[in-house]
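Reproduced below: query_6.tsv, with TSV, C-alpha atoms.
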chain	number	residue	atom	x	y	z
A	24	MET	CA	22.70	68.33	8.97
A	25	GLU	CA	24.68	65.43	10.31
A	26	PRO	CA	26.08	63.08	7.67
A	27	TYR	CA	24.31	59.75	7.22
A	28	LEU	CA	26.18	56.87	8.78
A	29	PRO	CA	25.25	53.42	7.47
A	30	PRO	CA	24.59	50.80	10.11
A	31	SER	CA	27.37	48.43	10.99
A	32	ASN	CA	27.35	44.97	9.37
A	33	GLN	CA	24.76	42.73	10.94
A	34	GLY	CA	25.60	39.24	12.06
A	35	VAL	CA	23.76	36.11	11.04
A	36	PHE	CA	21.72	35.93	14.24
A	37	SER	CA	20.81	39.60	13.99
A	38	ILE	CA	19.55	39.06	10.45
A	39	PHE	CA	17.54	36.03	11.59
A	40	TRP	CA	15.86	37.84	14.49
A	41	ASN	CA	14.85	40.69	12.19
A	42	LEU	CA	12.96	38.33	9.89
A	43	GLY	CA	9.22	37.93	9.93
A	44	LEU	CA	7.56	34.97	11.62
A	45	PHE	CA	6.92	33.01	8.42
A	46	ALA	CA	10.42	33.68	7.11
A	47	LYS	CA	11.86	32.43	10.41
A	48	PHE	CA	9.85	29.22	10.04
A	49	ILE	CA	11.20	28.72	6.51
A	50	VAL	CA	14.79	29.38	7.58
A	51	ILE	CA	14.55	27.01	10.59
A	52	THR	CA	13.12	24.29	8.35
A	53	LEU	CA	15.93	24.77	5.85
A	54	VAL	CA	18.56	24.71	8.60
A	55	VAL	CA	17.17	21.40	9.87
A	56	PHE	CA	17.32	20.04	6.32
A	57	SER	CA	20.91	21.27	6.04
A	58	VAL	CA	22.03	19.65	9.30
A	59	ILE	CA	20.53	16.29	8.33
A	60	SER	CA	21.91	16.42	4.79
A	61	TRP	CA	25.42	17.31	5.98
A	62	ALA	CA	25.30	14.46	8.51
A	63	ILE	CA	24.39	12.08	5.68
A	64	ILE	CA	27.07	13.55	3.41
A	65	ILE	CA	29.83	13.14	6.00
A	66	LYS	CA	28.78	9.61	6.95
A	67	LYS	CA	28.43	8.47	3.35
A	68	PHE	CA	31.76	10.02	2.40
A	69	PHE	CA	33.63	7.98	5.00
A	70	ASP	CA	31.57	4.84	4.29
A	71	PHE	CA	32.33	5.04	0.57
A	72	ARG	CA	35.97	5.75	1.34
A	73	LYS	CA	36.15	2.54	3.38
A	74	VAL	CA	34.47	0.58	0.59
A	75	LYS	CA	36.86	1.92	-2.03
A	76	LYS	CA	39.92	1.23	0.14
A	77	SER	CA	38.80	-2.35	0.85
A	78	ASN	CA	37.88	-2.92	-2.79
A	79	ASP	CA	41.26	-1.71	-4.01
A	80	ALA	CA	43.12	-3.93	-1.54
A	81	LEU	CA	41.09	-7.06	-2.32
A	82	ARG	CA	41.05	-6.38	-6.06
A	83	ALA	CA	44.87	-6.39	-6.08
A	84	ILE	CA	44.76	-9.90	-4.62
A	85	PHE	CA	41.83	-10.89	-6.81
A	86	ASN	CA	43.64	-9.92	-10.01
A	87	SER	CA	46.66	-12.08	-9.14
A	88	ARG	CA	44.63	-15.19	-8.27
A	89	THR	CA	44.92	-18.54	-9.98
A	90	CYS	CA	41.40	-19.50	-8.94
A	91	VAL	CA	38.72	-17.74	-6.97
A	92	THR	CA	38.79	-20.50	-4.32
A	93	GLU	CA	42.14	-19.15	-3.15
A	94	LEU	CA	40.36	-16.10	-1.76
A	95	PHE	CA	37.62	-17.87	0.17
A	96	SER	CA	39.77	-18.07	3.30
A	97	ILE	CA	40.57	-14.34	3.46
A	98	VAL	CA	37.21	-12.73	2.75
A	99	GLN	CA	36.62	-12.08	6.45
A	100	GLU	CA	39.63	-9.75	6.43
A	101	PHE	CA	37.74	-7.31	4.18
A	102	PRO	CA	34.40	-6.64	5.91
A	103	ASN	CA	33.82	-3.37	4.04
A	104	SER	CA	34.41	-4.77	0.56
A	105	PRO	CA	31.44	-5.72	-1.65
A	106	LEU	CA	33.76	-8.14	-3.43
A	107	ALA	CA	34.26	-10.06	-0.19
A	108	ARG	CA	30.51	-10.41	0.17
A	109	LEU	CA	30.21	-11.68	-3.39
A	110	LEU	CA	32.93	-14.21	-2.69
A	111	THR	CA	31.07	-15.34	0.43
A	112	ALA	CA	27.92	-15.90	-1.62
A	113	ALA	CA	29.95	-17.83	-4.20
A	114	LYS	CA	31.63	-19.89	-1.49
A	115	LYS	CA	28.32	-21.35	-0.32
A	116	GLU	CA	27.45	-22.53	-3.82
A	117	HIS	CA	30.99	-23.81	-4.39
A	118	THR	CA	30.64	-26.03	-1.33
A	119	LEU	CA	27.49	-27.51	-2.82
A	120	LEU	CA	29.22	-27.90	-6.15
A	121	LEU	CA	31.98	-30.05	-4.66
A	122	ASN	CA	29.45	-32.32	-2.93
A	123	LEU	CA	27.51	-33.12	-6.10
A	124	ASN	CA	27.92	-36.49	-7.72
A	125	ASN	CA	25.34	-36.02	-10.43
A	126	PRO	CA	26.78	-34.02	-13.37
A	127	ASN	CA	23.25	-33.07	-14.41
A	128	GLU	CA	22.96	-30.90	-11.30
A	129	HIS	CA	26.10	-28.89	-12.00
A	130	ASN	CA	24.35	-26.37	-14.24
A	131	LEU	CA	21.67	-25.90	-11.58
A	132	VAL	CA	24.31	-25.11	-8.97
A	133	LEU	CA	26.01	-22.64	-11.31
A	134	LEU	CA	22.65	-20.97	-11.91
A	135	ASN	CA	22.05	-20.79	-8.17
A	136	ALA	CA	25.53	-19.31	-7.68
A	137	SER	CA	24.84	-16.61	-10.27
A	138	GLU	CA	21.47	-15.81	-8.69
A	139	SER	CA	22.99	-15.69	-5.20
A	140	ILE	CA	25.68	-13.26	-6.32
A	141	SER	CA	23.13	-11.12	-8.18
A	142	LYS	CA	20.93	-11.01	-5.09
A	143	GLU	CA	23.91	-9.98	-2.97
A	144	ILE	CA	24.72	-7.20	-5.47
A	145	ASP	CA	21.15	-5.88	-5.17
A	146	ILE	CA	21.42	-5.89	-1.37
A	147	ILE	CA	24.77	-4.07	-1.47
A	148	LEU	CA	23.44	-1.42	-3.88
A	149	GLU	CA	20.41	-0.89	-1.66
A	150	GLU	CA	22.68	-0.38	1.34
A	151	LEU	CA	24.91	2.04	-0.56
A	152	GLU	CA	21.89	4.06	-1.73
A	153	GLU	CA	20.40	4.20	1.77
A	154	LYS	CA	19.52	7.77	2.86
A	155	LEU	CA	20.62	9.25	-0.47
A	156	GLY	CA	16.96	9.82	-1.23
A	157	PHE	CA	16.91	12.50	1.45
A	158	LEU	CA	19.71	14.37	-0.34
A	159	ALA	CA	17.72	14.24	-3.58
A	160	THR	CA	14.61	15.45	-1.76
A	161	CYS	CA	16.56	18.20	-0.03
A	162	GLY	CA	18.07	19.33	-3.31
A	163	SER	CA	14.63	19.49	-4.90
A	164	VAL	CA	12.57	20.91	-2.03
A	165	ALA	CA	14.98	23.46	-0.51
A	166	PRO	CA	14.88	25.88	-3.49
A	167	PHE	CA	11.08	25.74	-3.50
A	168	LEU	CA	10.96	26.48	0.23
A	169	GLY	CA	13.26	29.42	-0.41
A	170	LEU	CA	10.99	30.49	-3.27
A	171	LEU	CA	7.98	30.20	-0.98
A	172	GLY	CA	9.69	32.54	1.46
A	173	THR	CA	10.55	34.86	-1.41
A	174	VAL	CA	6.97	35.06	-2.63
A	175	TRP	CA	5.67	35.49	0.90
A	176	GLY	CA	8.17	38.28	1.62
A	177	ILE	CA	7.30	40.18	-1.55
A	178	LEU	CA	3.59	39.69	-0.89
A	179	SER	CA	4.01	41.02	2.64
A	180	ALA	CA	5.94	44.01	1.34
A	181	PHE	CA	3.12	44.96	-1.04
A	182	LEU	CA	0.40	44.31	1.54
A	183	ASN	CA	2.16	46.61	3.98
A	184	VAL	CA	2.05	49.53	1.55
A	185	ARG	CA	-1.44	49.12	0.08
A	186	HIS	CA	-2.87	51.82	2.40
A	187	VAL	CA	0.25	53.95	2.60
A	188	PRO	CA	0.04	57.16	0.53
A	189	ILE	CA	3.79	57.52	0.16
A	190	VAL	CA	5.89	54.38	-0.22
A	191	THR	CA	9.42	54.53	1.10
A	192	LEU	CA	12.25	52.02	1.08
A	193	GLN	CA	11.89	51.62	4.84
A	194	THR	CA	8.31	50.50	4.34
A	195	ILE	CA	9.01	47.68	1.92
A	196	ALA	CA	12.49	46.76	3.17
A	197	PRO	CA	11.38	44.14	5.77
A	198	GLY	CA	9.41	42.09	3.25
A	199	ILE	CA	12.14	42.32	0.61
A	200	ALA	CA	14.74	41.31	3.21
A	201	ASP	CA	12.70	38.24	4.15
A	202	ALA	CA	12.44	37.32	0.48
A	203	LEU	CA	16.17	37.61	-0.16
A	204	VAL	CA	17.24	35.78	3.00
A	205	THR	CA	15.00	32.77	2.42
A	206	THR	CA	16.17	32.57	-1.20
A	207	VAL	CA	19.83	32.57	-0.19
A	208	VAL	CA	19.32	29.99	2.56
A	209	GLY	CA	17.34	27.73	0.23
A	210	LEU	CA	20.16	27.77	-2.34
A	211	LEU	CA	22.84	27.22	0.32
A	212	VAL	CA	20.99	24.12	1.48
A	213	ALA	CA	20.16	22.74	-1.97
A	214	ILE	CA	23.48	23.17	-3.77
A	215	PRO	CA	25.64	20.95	-1.46
A	216	ALA	CA	22.89	18.32	-1.33
A	217	VAL	CA	22.66	18.10	-5.13
A	218	ILE	CA	26.44	18.02	-5.58
A	219	ALA	CA	26.84	15.30	-2.94
A	220	TYR	CA	23.95	13.25	-4.34
A	221	ASN	CA	25.40	13.27	-7.86
A	222	TYR	CA	28.84	12.37	-6.51
A	223	PHE	CA	27.57	9.42	-4.48
A	224	ILE	CA	25.42	8.14	-7.35
A	225	GLY	CA	28.50	8.23	-9.56
A	226	GLN	CA	30.44	6.24	-6.97
A	227	ILE	CA	27.62	3.69	-6.69
A	228	LYS	CA	27.60	3.23	-10.47
A	229	ARG	CA	31.34	2.60	-10.36
A	230	PHE	CA	30.93	0.05	-7.56
A	231	ASN	CA	28.11	-1.61	-9.50
A	232	THR	CA	30.30	-1.92	-12.59
A	233	GLU	CA	33.10	-3.45	-10.51
A	234	MET	CA	30.71	-5.95	-8.95
A	235	ASP	CA	29.35	-6.96	-12.35
A	236	VAL	CA	32.91	-7.61	-13.55
A	237	TRP	CA	33.68	-9.57	-10.37
A	238	GLN	CA	30.53	-11.63	-10.80
A	239	THR	CA	31.55	-12.59	-14.32
A	240	GLU	CA	35.05	-13.58	-13.23
A	241	ILE	CA	33.79	-15.54	-10.23
A	242	MET	CA	31.35	-17.47	-12.41
A	243	ASN	CA	34.11	-18.18	-14.95
A	244	ASP	CA	36.28	-19.63	-12.17
A	245	LEU	CA	33.42	-21.80	-10.91
A	246	ARG	CA	32.83	-23.09	-14.44
A	247	GLN	CA	36.51	-23.97	-14.72
A	248	ILE	CA	36.27	-25.88	-11.45
A	249	LEU	CA	33.22	-27.71	-12.77
A	250	PHE	CA	34.99	-28.51	-16.03
A	251	SER	CA	38.09	-29.77	-14.21
A	252	ASN	CA	36.01	-31.96	-11.92
A	253	SER	CA	34.06	-33.35	-14.88
A	254	VAL	CA	37.28	-34.16	-16.76
A	255	ASN	CA	38.79	-35.84	-13.73
A	256	THR	CA	35.64	-37.85	-13.11
A	257	SER	CA	35.52	-38.99	-16.71
A	258	PHE	CA	39.20	-39.99	-16.59
A	259	LEU	CA	38.73	-42.02	-13.41
A	260	ASN	CA	35.67	-43.80	-14.80
A	261	LYS	CA	37.58	-45.08	-17.82
Represent the structure from my file as C-alpha coordinates, please.
Amino acid sequence: MEPYLPPSNQGVFSIFWNLGLFAKFIVITLVVFSVISWAIIIKKFFDFRKVKKSNDALRAIFNSRTCVTELFSIVQEFPNSPLARLLTAAKKEHTLLLNLNNPNEHNLVLLNASESISKEIDIILEELEEKLGFLATCGSVAPFLGLLGTVWGILSAFLNVRHVPIVTLQTIAPGIADALVTTVVGLLVAIPAVIAYNYFIGQIKRFNTEMDVWQTEIMNDLRQILFSNSVNTSFLNK
(Lines of atoms letter the chains of each structure in order from A and count residues from 1; the text may use other names and numbers.)
(Lines give C-alpha, C1' and ligand atoms only; values in the text may rest on other atoms or scores of the structure.)
Protein backbone atom coordinates (compact mmCIF):
# COMPACT_ATOMS: atom_id res chain seq x y z
CA MET A 1 0.00 0.00 0.00
CA GLU A 2 1.32 3.39 -0.94
CA PRO A 3 1.70 5.83 1.94
CA TYR A 4 -0.91 8.58 2.23
CA LEU A 5 0.34 11.93 1.05
CA PRO A 6 -1.62 14.94 2.31
CA PRO A 7 -2.58 17.48 -0.31
CA SER A 8 -0.42 20.53 -0.71
CA ASN A 9 -1.55 23.75 1.00
CA GLN A 10 -4.40 25.36 -0.86
CA GLY A 11 -4.35 29.02 -1.74
CA VAL A 12 -7.06 31.51 -0.91
CA PHE A 13 -8.64 31.38 -4.36
CA SER A 14 -8.59 27.59 -4.36
CA ILE A 15 -10.41 27.56 -1.03
CA PHE A 16 -12.96 30.05 -2.35
CA TRP A 17 -13.71 28.07 -5.52
CA ASN A 18 -14.24 24.91 -3.48
CA LEU A 19 -16.97 26.57 -1.41
CA GLY A 20 -20.64 26.01 -1.98
CA LEU A 21 -22.78 28.57 -3.80
CA PHE A 22 -24.33 30.07 -0.67
CA ALA A 23 -20.98 30.23 1.12
CA LYS A 24 -19.48 32.02 -1.90
CA PHE A 25 -22.28 34.58 -1.72
CA ILE A 26 -21.60 35.17 1.98
CA VAL A 27 -17.85 35.51 1.42
CA ILE A 28 -18.29 37.94 -1.52
CA THR A 29 -20.67 40.06 0.57
CA LEU A 30 -18.18 40.14 3.43
CA VAL A 31 -15.31 41.04 1.10
CA VAL A 32 -17.34 43.97 -0.26
CA PHE A 33 -18.01 45.08 3.32
CA SER A 34 -14.30 44.79 4.08
CA VAL A 35 -13.21 46.85 1.07
CA ILE A 36 -15.66 49.64 1.91
CA SER A 37 -14.77 49.63 5.61
CA TRP A 38 -11.02 49.74 4.92
CA ALA A 39 -11.54 52.63 2.48
CA ILE A 40 -13.40 54.51 5.22
CA ILE A 41 -10.76 53.62 7.81
CA ILE A 42 -7.88 54.88 5.67
CA LYS A 43 -9.67 58.09 4.68
CA LYS A 44 -10.78 58.85 8.23
CA PHE A 45 -7.32 58.14 9.60
CA PHE A 46 -5.71 60.75 7.36
CA ASP A 47 -8.60 63.21 7.86
CA PHE A 48 -8.31 62.97 11.64
CA ARG A 49 -4.54 63.25 11.39
CA LYS A 50 -4.93 66.54 9.49
CA VAL A 51 -7.42 67.81 12.07
CA LYS A 52 -5.13 66.95 14.97
CA LYS A 53 -2.10 68.53 13.29
CA SER A 54 -4.00 71.75 12.53
CA ASN A 55 -5.51 71.82 16.02
CA ASP A 56 -2.12 71.43 17.68
CA ALA A 57 -0.60 74.21 15.57
CA LEU A 58 -3.45 76.66 16.14
CA ARG A 59 -3.81 75.75 19.82
CA ALA A 60 -0.16 76.72 20.39
CA ILE A 61 -0.98 80.18 19.04
CA PHE A 62 -4.34 80.25 20.81
CA ASN A 63 -2.78 79.55 24.21
CA SER A 64 -0.33 82.46 23.85
CA ARG A 65 -2.96 85.00 22.79
CA THR A 66 -3.78 88.20 24.63
CA CYS A 67 -7.25 88.31 23.12
CA VAL A 68 -9.10 86.07 20.72
CA THR A 69 -9.41 88.92 18.20
CA GLU A 70 -5.69 88.54 17.49
CA LEU A 71 -6.42 85.24 15.76
CA PHE A 72 -9.24 86.39 13.51
CA SER A 73 -6.82 87.34 10.74
CA ILE A 74 -5.07 83.95 10.58
CA VAL A 75 -7.96 81.49 10.74
CA GLN A 76 -7.86 80.97 6.97
CA GLU A 77 -4.39 79.48 7.36
CA PHE A 78 -5.86 76.49 9.24
CA PRO A 79 -8.65 75.12 7.02
CA ASN A 80 -8.60 71.69 8.69
CA SER A 81 -8.87 72.95 12.26
CA PRO A 82 -12.24 72.98 14.04
CA LEU A 83 -10.89 75.79 16.22
CA ALA A 84 -10.48 77.98 13.14
CA ARG A 85 -14.11 77.40 12.25
CA LEU A 86 -15.20 78.30 15.76
CA LEU A 87 -13.16 81.48 15.54
CA THR A 88 -14.82 82.31 12.22
CA ALA A 89 -18.25 81.92 13.81
CA ALA A 90 -17.16 84.12 16.72
CA LYS A 91 -15.72 86.72 14.35
CA LYS A 92 -19.10 87.37 12.75
CA GLU A 93 -20.71 88.06 16.11
CA HIS A 94 -17.73 90.14 17.23
CA THR A 95 -18.23 92.41 14.23
CA LEU A 96 -21.83 92.94 15.28
CA LEU A 97 -20.72 93.53 18.85
CA LEU A 98 -18.43 96.40 17.83
CA ASN A 99 -21.21 98.07 15.83
CA LEU A 100 -23.70 98.14 18.70
CA ASN A 101 -24.40 101.38 20.47
CA ASN A 102 -27.11 100.10 22.76
CA PRO A 103 -25.60 98.34 25.81
CA ASN A 104 -28.87 96.46 26.30
CA GLU A 105 -28.17 94.50 23.11
CA HIS A 106 -24.73 93.31 24.20
CA ASN A 107 -26.06 90.28 26.09
CA LEU A 108 -28.14 89.33 23.06
CA VAL A 109 -25.07 89.41 20.83
CA LEU A 110 -23.11 87.30 23.32
CA LEU A 111 -25.97 84.79 23.37
CA ASN A 112 -26.00 84.72 19.58
CA ALA A 113 -22.23 84.20 19.56
CA SER A 114 -22.53 81.25 21.93
CA GLU A 115 -25.33 79.73 19.86
CA SER A 116 -23.39 80.23 16.62
CA ILE A 117 -20.33 78.49 18.05
CA SER A 118 -22.46 75.66 19.45
CA LYS A 119 -24.13 75.20 16.08
CA GLU A 120 -20.73 75.10 14.38
CA ILE A 121 -19.57 72.45 16.88
CA ASP A 122 -22.60 70.31 16.03
CA ILE A 123 -21.84 70.63 12.31
CA ILE A 124 -18.18 69.71 12.84
CA LEU A 125 -19.08 66.66 14.94
CA GLU A 126 -21.55 65.53 12.30
CA GLU A 127 -18.84 65.81 9.64
CA LEU A 128 -16.34 63.91 11.77
CA GLU A 129 -18.86 61.13 12.43
CA GLU A 130 -19.79 60.85 8.75
CA LYS A 131 -19.55 57.25 7.43
CA LEU A 132 -18.56 55.88 10.84
CA GLY A 133 -22.02 54.35 11.05
CA PHE A 134 -21.01 51.93 8.31
CA LEU A 135 -18.08 50.72 10.42
CA ALA A 136 -20.45 50.12 13.34
CA THR A 137 -22.87 48.28 11.05
CA CYS A 138 -20.06 46.24 9.54
CA GLY A 139 -18.76 45.31 12.97
CA SER A 140 -22.22 44.18 14.03
CA VAL A 141 -23.45 42.48 10.86
CA ALA A 142 -20.28 40.73 9.63
CA PRO A 143 -20.14 38.17 12.49
CA PHE A 144 -23.81 37.34 11.95
CA LEU A 145 -23.24 36.85 8.22
CA GLY A 146 -20.36 34.55 9.10
CA LEU A 147 -22.63 32.76 11.57
CA LEU A 148 -25.29 32.42 8.87
CA GLY A 149 -22.72 30.76 6.63
CA THR A 150 -21.67 28.55 9.53
CA VAL A 151 -25.21 27.37 10.21
CA TRP A 152 -25.87 26.87 6.51
CA GLY A 153 -22.66 24.85 6.08
CA ILE A 154 -23.42 22.58 9.03
CA LEU A 155 -27.01 22.17 7.85
CA SER A 156 -25.80 21.22 4.38
CA ALA A 157 -23.35 18.74 5.85
CA PHE A 158 -26.12 16.95 7.77
CA LEU A 159 -28.55 17.07 4.85
CA ASN A 160 -25.94 15.45 2.62
CA VAL A 161 -25.62 12.44 4.91
CA ARG A 162 -29.25 11.86 5.87
CA HIS A 163 -29.61 9.05 3.29
CA VAL A 164 -26.05 7.79 3.48
CA PRO A 165 -25.69 4.50 5.40
CA ILE A 166 -22.06 5.07 6.30
CA VAL A 167 -20.92 8.61 7.08
CA THR A 168 -17.32 9.45 6.28
CA LEU A 169 -15.27 12.58 6.78
CA GLN A 170 -15.22 13.13 3.03
CA THR A 171 -19.00 13.27 3.04
CA ILE A 172 -19.38 16.01 5.62
CA ALA A 173 -16.13 17.86 4.91
CA PRO A 174 -17.52 20.28 2.26
CA GLY A 175 -20.27 21.59 4.53
CA ILE A 176 -17.95 21.88 7.53
CA ALA A 177 -15.38 23.69 5.37
CA ASP A 178 -18.01 26.20 4.24
CA ALA A 179 -18.98 26.78 7.86
CA LEU A 180 -15.42 27.40 9.02
CA VAL A 181 -14.45 29.64 6.11
CA THR A 182 -17.45 31.95 6.45
CA THR A 183 -16.87 32.19 10.20
CA VAL A 184 -13.23 33.19 9.74
CA VAL A 185 -14.02 35.73 7.02
CA GLY A 186 -16.81 37.26 9.11
CA LEU A 187 -14.45 37.76 12.06
CA LEU A 188 -11.67 39.14 9.84
CA VAL A 189 -14.09 41.75 8.51
CA ALA A 190 -15.71 42.64 11.85
CA ILE A 191 -12.65 42.94 14.09
CA PRO A 192 -10.86 45.78 12.19
CA ALA A 193 -14.15 47.64 11.75
CA VAL A 194 -14.93 47.53 15.48
CA ILE A 195 -11.39 48.54 16.47
CA ALA A 196 -11.36 51.44 14.01
CA TYR A 197 -14.85 52.60 15.03
CA ASN A 198 -13.92 52.71 18.72
CA TYR A 199 -10.68 54.53 17.92
CA PHE A 200 -12.40 57.19 15.81
CA ILE A 201 -15.17 57.70 18.37
CA GLY A 202 -12.50 58.24 21.01
CA GLN A 203 -10.81 60.83 18.78
CA ILE A 204 -14.13 62.60 18.18
CA LYS A 205 -14.77 62.78 21.93
CA ARG A 206 -11.34 64.34 22.39
CA PHE A 207 -12.02 66.89 19.63
CA ASN A 208 -15.40 67.65 21.19
CA THR A 209 -13.80 68.30 24.58
CA GLU A 210 -11.24 70.61 22.97
CA MET A 211 -13.97 72.53 21.16
CA ASP A 212 -15.99 72.93 24.36
CA VAL A 213 -12.91 74.38 26.08
CA TRP A 214 -12.25 76.67 23.11
CA GLN A 215 -15.86 77.84 23.13
CA THR A 216 -15.60 78.79 26.80
CA GLU A 217 -12.37 80.70 26.26
CA ILE A 218 -13.69 82.48 23.17
CA MET A 219 -16.80 83.58 25.03
CA ASN A 220 -14.68 84.79 27.96
CA ASP A 221 -12.62 86.92 25.57
CA LEU A 222 -15.75 88.37 23.98
CA ARG A 223 -17.12 89.24 27.42
CA GLN A 224 -13.86 91.00 28.26
CA ILE A 225 -14.16 93.00 25.05
CA LEU A 226 -17.72 93.91 25.96
CA PHE A 227 -16.67 94.91 29.48
CA SER A 228 -13.79 97.03 28.16
CA ASN A 229 -16.04 98.77 25.66
CA SER A 230 -18.66 99.42 28.35
CA VAL A 231 -16.04 100.90 30.70
CA ASN A 232 -14.63 103.10 27.97
CA THR A 233 -18.08 104.28 26.96
CA SER A 234 -18.96 105.12 30.55
CA PHE A 235 -15.69 107.01 30.99
CA LEU A 236 -16.25 109.07 27.84
CA ASN A 237 -19.82 109.93 28.83
CA LYS A 238 -18.72 111.44 32.13
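For the set A:Phe68, A:Trp237, A:Phe56, A:Phe45, the residue with the smallest atom-to-atom gap to Leu110 (chain A) is A:Trp237, counting only C-alpha atoms.
Across the model, the gap from CA of Phe223 (chain A) to CA of Gly209 (chain A) is 21.5 Å.
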All residues 12 Å or closer to Glu100 (chain A), only C-alpha atoms, same chain fewer than 4 positions away omitted, as a PyMOL selection string: chain A and resi 77-78+80-81+94-96+104+106-108+111
Proximity to Ala219 (chain A) - best of A:Phe48, A:Trp61, A:Phe69, A:Trp175, only C-alpha atoms: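 The answer is A:Trp61, which sits nearest to Ala219 (chain A).
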CA of Ala136 (chain A) to CA of Ile248 (chain A), distance in Å rounded to a single decimal: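 CA of Ala136 (chain A) sits 13.1 Å away from CA of Ile248 (chain A).
Taking CA of Ile214 (chain A) and CA of Ile65 (chain A) as endpoints, the distance between them is 15.4 Å.
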Nearest to Asp145 (chain A) by atom-to-atom distance, counting all atoms listed in the file, from A:Ile59, A:Met234, A:Ala216, A:Leu178: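 Looking at the shortest contact to Asp145 (chain A), the residue is A:Met234.
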Neighbours of point (17.1, 14.2, -3.9) within 10 Å, using all atoms listed in the file, written as a PyMOL selection string: chain A and resi 154-164+213+216-217+219-221
Protein/DNA/RNA residues near (30.8, -22.4, -14.1), cut 9 Å, all atoms listed in the file, as number ranges by chain: A: 129-130, 132-134, 136, 241-250
Could you dump the residues just selected with C-alpha atoms as a JSON list (two decimals), in the frame of the given file?
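Once written, selection.json looks like this:
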[["chain", "number", "residue", "atom", "x", "y", "z"],
["A", 129, "HIS", "CA", 26.10, -28.89, -12.00],
["A", 130, "ASN", "CA", 24.35, -26.37, -14.24],
["A", 132, "VAL", "CA", 24.31, -25.11, -8.97],
["A", 133, "LEU", "CA", 26.01, -22.64, -11.31],
["A", 134, "LEU", "CA", 22.65, -20.97, -11.91],
["A", 136, "ALA", "CA", 25.53, -19.31, -7.68],
["A", 241, "ILE", "CA", 33.79, -15.54, -10.23],
["A", 242, "MET", "CA", 31.35, -17.47, -12.41],
["A", 243, "ASN", "CA", 34.11, -18.18, -14.95],
["A", 244, "ASP", "CA", 36.28, -19.63, -12.17],
["A", 245, "LEU", "CA", 33.42, -21.80, -10.91],
["A", 246, "ARG", "CA", 32.83, -23.09, -14.44],
["A", 247, "GLN", "CA", 36.51, -23.97, -14.72],
["A", 248, "ILE", "CA", 36.27, -25.88, -11.45],
["A", 249, "LEU", "CA", 33.22, -27.71, -12.77],
["A", 250, "PHE", "CA", 34.99, -28.51, -16.03]]
Selected residue of minimal separation from Glu150 (chain A) among A:Val98, A:Ile177, A:Ile227, A:Leu109, counting only C-alpha atoms: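 Of the candidates, the smallest distance to Glu150 (chain A) is held by A:Ile227.
Using all atoms listed in the file, the nearest neighbour of Glu143 (chain A) within the list A:Ile224, A:Ile64, A:Ile218, A:Ala112 is A:Ala112.
Between Leu53 (chain A) and the residues A:Glu233, A:Val207, A:Ile144, A:Pro102, the shortest atom-to-atom distance, using all atoms listed in the file, involves A:Val207.
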